[in-house]
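K.L.:
The structure's right below; bear with me while I get my questions together.
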Amino acid sequence: MKYSPTRKLYYENAYTGEFNATVISSKLTPDGVIEIITDATVFFPEAGGQSADTGILGNLKVTDVRINNDGVITHYCAAPDAPESIPAAGEQVKGSIDWQRRHSFMQHHTAEHIFSGLVNSRFGYDNVGFHLSDHICTMDYNGVLSEADVSELERECSEWIYKNVPVSCYFPAQDELDMLAYRCKGELAPPVRIVEIEGVDVCACCAPHVKSAGEIGILKVLEANAYKGGTRLTIVSGRKALCDYQNRFRLLGQCKNLLSSEADVLPERIQGIVDANNNLRHELDKLNEKMLMSDISTISRDEENAILFSVSVAAKAMRSTVNTLMEQHRGICGVFSGTDKEGYEFILGSKNIDMRNVSMMMKKDLTAKCGGSDRMIQGRTGASRDVITKKLKDYTAESTCSA
């Protein structure tokens, strides 16, 4: 059935958190989701890269909201314990959104417009991707931004926030729109909604925004990465920026206490610990390699297989030891590094047995993840030492019988 477009109350006032409306349609889907269409709503649907509002409609929890090409908005609700609480067509319902979440989205989206407007005016790059959800806000640009560029853009964006310039959202008449220079990702069907941030940006956008830039509070770039030939930025704004700062300050305090150091010398202290750890690891690797080489002499040359186990040994030492063992034994030779509890990394080799077959058998019998050539394989298994040793003997015996 075709319905009339839903009245979008979030366009009339983005700060309205509650509303009353008439149910046009409601149904329970086979997968247990209730779909409700009302004549009006403050719930913003998923659109423009922004996640949908959540909240309550009647006695139901709204988990998603979507809009179709005809402008009809559907609320997707979790199925209630009592089916009679599902409102029927013609009933009046009260709805309310998660206002703090909505306002956070408004802060982030307006911050993105300021930043993208500056990127466009200074570098000529377009915003070709935007994603705003509970967990992340990312912006993609079709050009490369250096670390210095991002830092300067962040500073300039903050200056516009401090100026508290007004933010206007409106639907211009077609003749006015034709004369207007505005950012847009592609051809848009009328009516086109414009978001104008005085002095810094004019852009087509369907989402709710704050009334003035100062309401954003702060914009902080958390990450800048190369992405599809351009740049992807991850930002945080408003309340989330405060929470992020508080969390980072708490972590910094913990590091200061653990290392008994002031913040400005923490990088030097941490680098010293990393260097010392690397030196100790290097010395340990050399000792383990010596122990492996010593263990080689304890294995009789009459043994077909030659398998050594070590708690910790570097891959280079493992490979060197396996090569030495292969010169002395005709069966499967190998080194396993780890414990029965944590599992083992391994390198195995043989001059006479096709290790690709061994790899397939280990995947089946020992749930190993491994691969390699006909001469040598490497990988990881969670099997115990006793099971590993027995299976490798079985594989050697099977290969000998086959030959």
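Order determines the names: the first chain of the structure tokens is A, the second B, and so forth; residues in each chain are numbered 1 upward, and ligands are numbered 1 upward as they are shown.
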Residues near Asp31 in chain A, anyone? I mean within 12 Å using only C-alpha atoms, not counting same-chain ones fewer than 2 positions away, as a VMD selection string.

P.N.:
chain A and resid 27 to 29 33 to 35 76 to 79

K.L.:
Keeping only C-alpha atoms, write the selected residues to a file as a PDB file, in the first residue's frame.

P.N.:
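Once written, result_2.pdb looks like this:
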```pdb
ATOM      1  CA  LYS A  27       2.650  -4.999  11.637  1.00  0.00           C
ATOM      2  CA  LEU A  28       4.691  -7.742  13.240  1.00  0.00           C
ATOM      3  CA  THR A  29       7.160  -9.273  10.761  1.00  0.00           C
ATOM      4  CA  VAL A  33      10.276  -6.908  14.385  1.00  0.00           C
ATOM      5  CA  ILE A  34       7.368  -4.457  14.594  1.00  0.00           C
ATOM      6  CA  GLU A  35       7.126  -1.934  11.749  1.00  0.00           C
ATOM      7  CA  TYR A  76      11.421  -0.586  13.530  1.00  0.00           C
ATOM      8  CA  CYS A  77      10.664  -1.695  17.068  1.00  0.00           C
ATOM      9  CA  ALA A  78      11.615  -4.614  19.263  1.00  0.00           C
ATOM     10  CA  ALA A  79       8.736  -7.058  19.774  1.00  0.00           C
TER      11      ALA A  79
END
```

K.L.:
Wanna dump the range 67-172 of chain A-range 9-13 of chain A contacts at 10 Å for me, each residue with its shortest atom pair and the distance in Å to one decimal, counting only C-alpha atoms, ordered by chain and number, as CSV?

P.N.:
```
residue,atom,partner,partner_atom,distance
A:Cys169,CA,A:Tyr11,CA,8.3
A:Tyr170,CA,A:Tyr11,CA,8.7
A:Phe171,CA,A:Tyr11,CA,10.0
```

K.L.:
Point out the residue among A:Gln378, A:Ser384, A:Gly186, A:Gln100 with the least atom-to-atom distance to Lys341 in chain A, counting only C-alpha atoms.

P.N.:
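The answer is A:Ser384, which sits nearest to Lys341 in chain A.
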
K.L.:
Which residue is closest to Lys369 in chain A? Choose from A:Gly343, A:Gly349, A:Pro166, A:Gly95 and count only C-alpha atoms.

P.N.:
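Among the listed residues, A:Gly343 lies closest to Lys369 in chain A.
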
K.L.:
Taking the backbone alone, and naming residues the way the document does, which bits of range 91-274 of chain A are alpha helix (DSSP H) by DSSP, as a ChimeraX atom specification?

P.N.:
/A:99-123,147-163,174-179,238-259,266-274

K.L.:
From the list A:Gln254, A:Thr138, A:Ser212, A:Ser158, which residue is nearest Ile235 in chain A when using only C-alpha atoms?

P.N.:
A:Thr138

K.L.:
Going by DSSP on the backbone, which bits of range 30-250 of chain A are strand (DSSP E or B)? Write them as a ChimeraX atom specification, please.

P.N.:
/A:33-38,40-41,47,50,55-57,60-67,73-78,92-97,127-132,137-141,166-170,183,194-197,201-204,212,219-227,230-237

K.L.:
Applying 12 Å and only C-alpha atoms, which residues near Asp244 in chain A remain after dropping the ones on its own chain fewer than 5 positions away? List them as a list in words.

P.N.:
His135, Ile136, Ile218, Leu219, Lys220, Val221, Leu222, Ile235, Val236, Ser237, Gly238, Arg239, Phe249, Arg250 and Leu251 of chain A

K.L.:
A:Thr6, A:Thr16, A:Ser85, A:Gln328: which is nearest Ala40 in chain A, counting only C-alpha atoms?

P.N.:
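Using only C-alpha atoms, Ala40 in chain A sits closest to A:Thr6.
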
K.L.:
Please list as a ChimeraX atom specification every residue within 8 Å of Val202 in chain A, counting only C-alpha atoms and excluding residues in the same chain fewer than 6 positions away.

P.N.:
/A:117,181-183,194-196

K.L.:
Could you check which of A:Ala88, A:Thr298, A:Gly48, A:Ile97 is closest to Thr63 in chain A, using only C-alpha atoms?

P.N.:
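Checking each of A:Ala88, A:Thr298, A:Gly48, A:Ile97 against Thr63 in chain A, counting only C-alpha atoms, the winner is A:Ile97.
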
K.L.:
Which neighbours of Leu392 in chain A fall inside 8 Å, counting only C-alpha atoms, when residues of the same chain fewer than 4 positions from it are skipped, and could you give them as a list of chain:residue names?

P.N.:
A:Asn305, A:Ile332, A:Ile388, A:Thr396

K.L.:
Give me the residues near Gly90 in chain A as a PyMOL selection string, where near means some atom within 9 Å (using only C-alpha atoms) and where sequence neighbours in that chain fewer than 3 positions away do not count.

P.N.:
chain A and resi 22-25+87

K.L.:
Considering only C-alpha atoms, can you say which of A:Ile73, A:Ala207, A:Met139, A:Ala52 comes closest to Val192 in chain A?

P.N.:
A:Ala207

K.L.:
Which residues are close to Glu198 in chain A, i.e. within 10 Å by only C-alpha atoms, leaving aside same-chain residues fewer than 6 positions away? Reply as a compact mmCIF listing (two decimals) with all heavy atoms, in the first residue's frame.

P.N.:
```txt
# COMPACT_ATOMS: atom_id res chain seq x y z
N ILE A 114 31.75 22.14 9.08
CA ILE A 114 32.77 23.19 9.20
C ILE A 114 34.10 22.69 8.67
O ILE A 114 34.76 23.36 7.86
CB ILE A 114 32.91 23.66 10.66
CG1 ILE A 114 31.60 24.29 11.14
CG2 ILE A 114 34.06 24.65 10.79
CD1 ILE A 114 31.62 24.70 12.61
N TRP A 160 36.33 28.83 14.25
CA TRP A 160 34.96 29.05 13.82
C TRP A 160 33.97 28.63 14.90
O TRP A 160 32.92 29.27 15.09
CB TRP A 160 34.67 28.31 12.52
CG TRP A 160 35.27 28.98 11.33
CD1 TRP A 160 36.41 28.66 10.68
CD2 TRP A 160 34.75 30.15 10.67
NE1 TRP A 160 36.66 29.53 9.65
CE2 TRP A 160 35.66 30.46 9.61
CE3 TRP A 160 33.64 30.96 10.85
CZ2 TRP A 160 35.45 31.53 8.75
CZ3 TRP A 160 33.43 32.03 10.00
CH2 TRP A 160 34.33 32.32 8.97
N ASN A 164 31.20 31.13 17.32
CA ASN A 164 29.78 30.81 17.56
C ASN A 164 28.89 31.34 16.43
O ASN A 164 27.82 31.92 16.67
CB ASN A 164 29.32 31.38 18.90
CG ASN A 164 28.00 30.79 19.35
OD1 ASN A 164 27.66 29.65 19.00
ND2 ASN A 164 27.24 31.55 20.14
N VAL A 165 29.33 31.11 15.18
CA VAL A 165 28.56 31.61 14.03
C VAL A 165 27.25 30.83 13.92
O VAL A 165 27.16 29.66 14.29
CB VAL A 165 29.37 31.47 12.72
CG1 VAL A 165 30.57 32.40 12.73
CG2 VAL A 165 29.82 30.02 12.50
N PRO A 166 26.20 31.47 13.43
CA PRO A 166 24.89 30.81 13.33
C PRO A 166 24.87 29.72 12.26
O PRO A 166 25.59 29.78 11.27
CB PRO A 166 23.94 31.95 12.97
CG PRO A 166 24.79 33.00 12.36
CD PRO A 166 26.13 32.89 13.04
N VAL A 167 24.01 28.73 12.49
CA VAL A 167 23.80 27.63 11.54
C VAL A 167 22.34 27.68 11.09
O VAL A 167 21.43 27.64 11.92
CB VAL A 167 24.11 26.27 12.20
CG1 VAL A 167 23.87 25.13 11.22
CG2 VAL A 167 25.54 26.23 12.73
N SER A 168 22.12 27.78 9.78
CA SER A 168 20.77 27.88 9.23
C SER A 168 20.45 26.67 8.36
O SER A 168 21.30 26.24 7.56
CB SER A 168 20.62 29.15 8.38
OG SER A 168 20.93 30.29 9.15
N SER A 212 23.98 26.92 16.44
CA SER A 212 25.16 27.76 16.29
C SER A 212 26.41 26.94 16.57
O SER A 212 26.37 25.94 17.30
CB SER A 212 25.10 28.96 17.24
OG SER A 212 25.02 28.53 18.57
N ALA A 213 27.52 27.38 15.99
CA ALA A 213 28.76 26.59 16.03
C ALA A 213 29.27 26.39 17.44
O ALA A 213 29.87 25.34 17.75
CB ALA A 213 29.83 27.25 15.18
```

K.L.:
Work out how far apart CA of Glu215 in chain A and CA of Phe123 in chain A are and give it in Å to one decimal.

P.N.:
26.5 Å

K.L.:
Grab the CA of Tyr395 in chain A to CA of Asp354 in chain A distance for me, in Å with one decimal place.

P.N.:
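Spanning CA of Tyr395 in chain A to CA of Asp354 in chain A is a straight-line distance of 10.4 Å.
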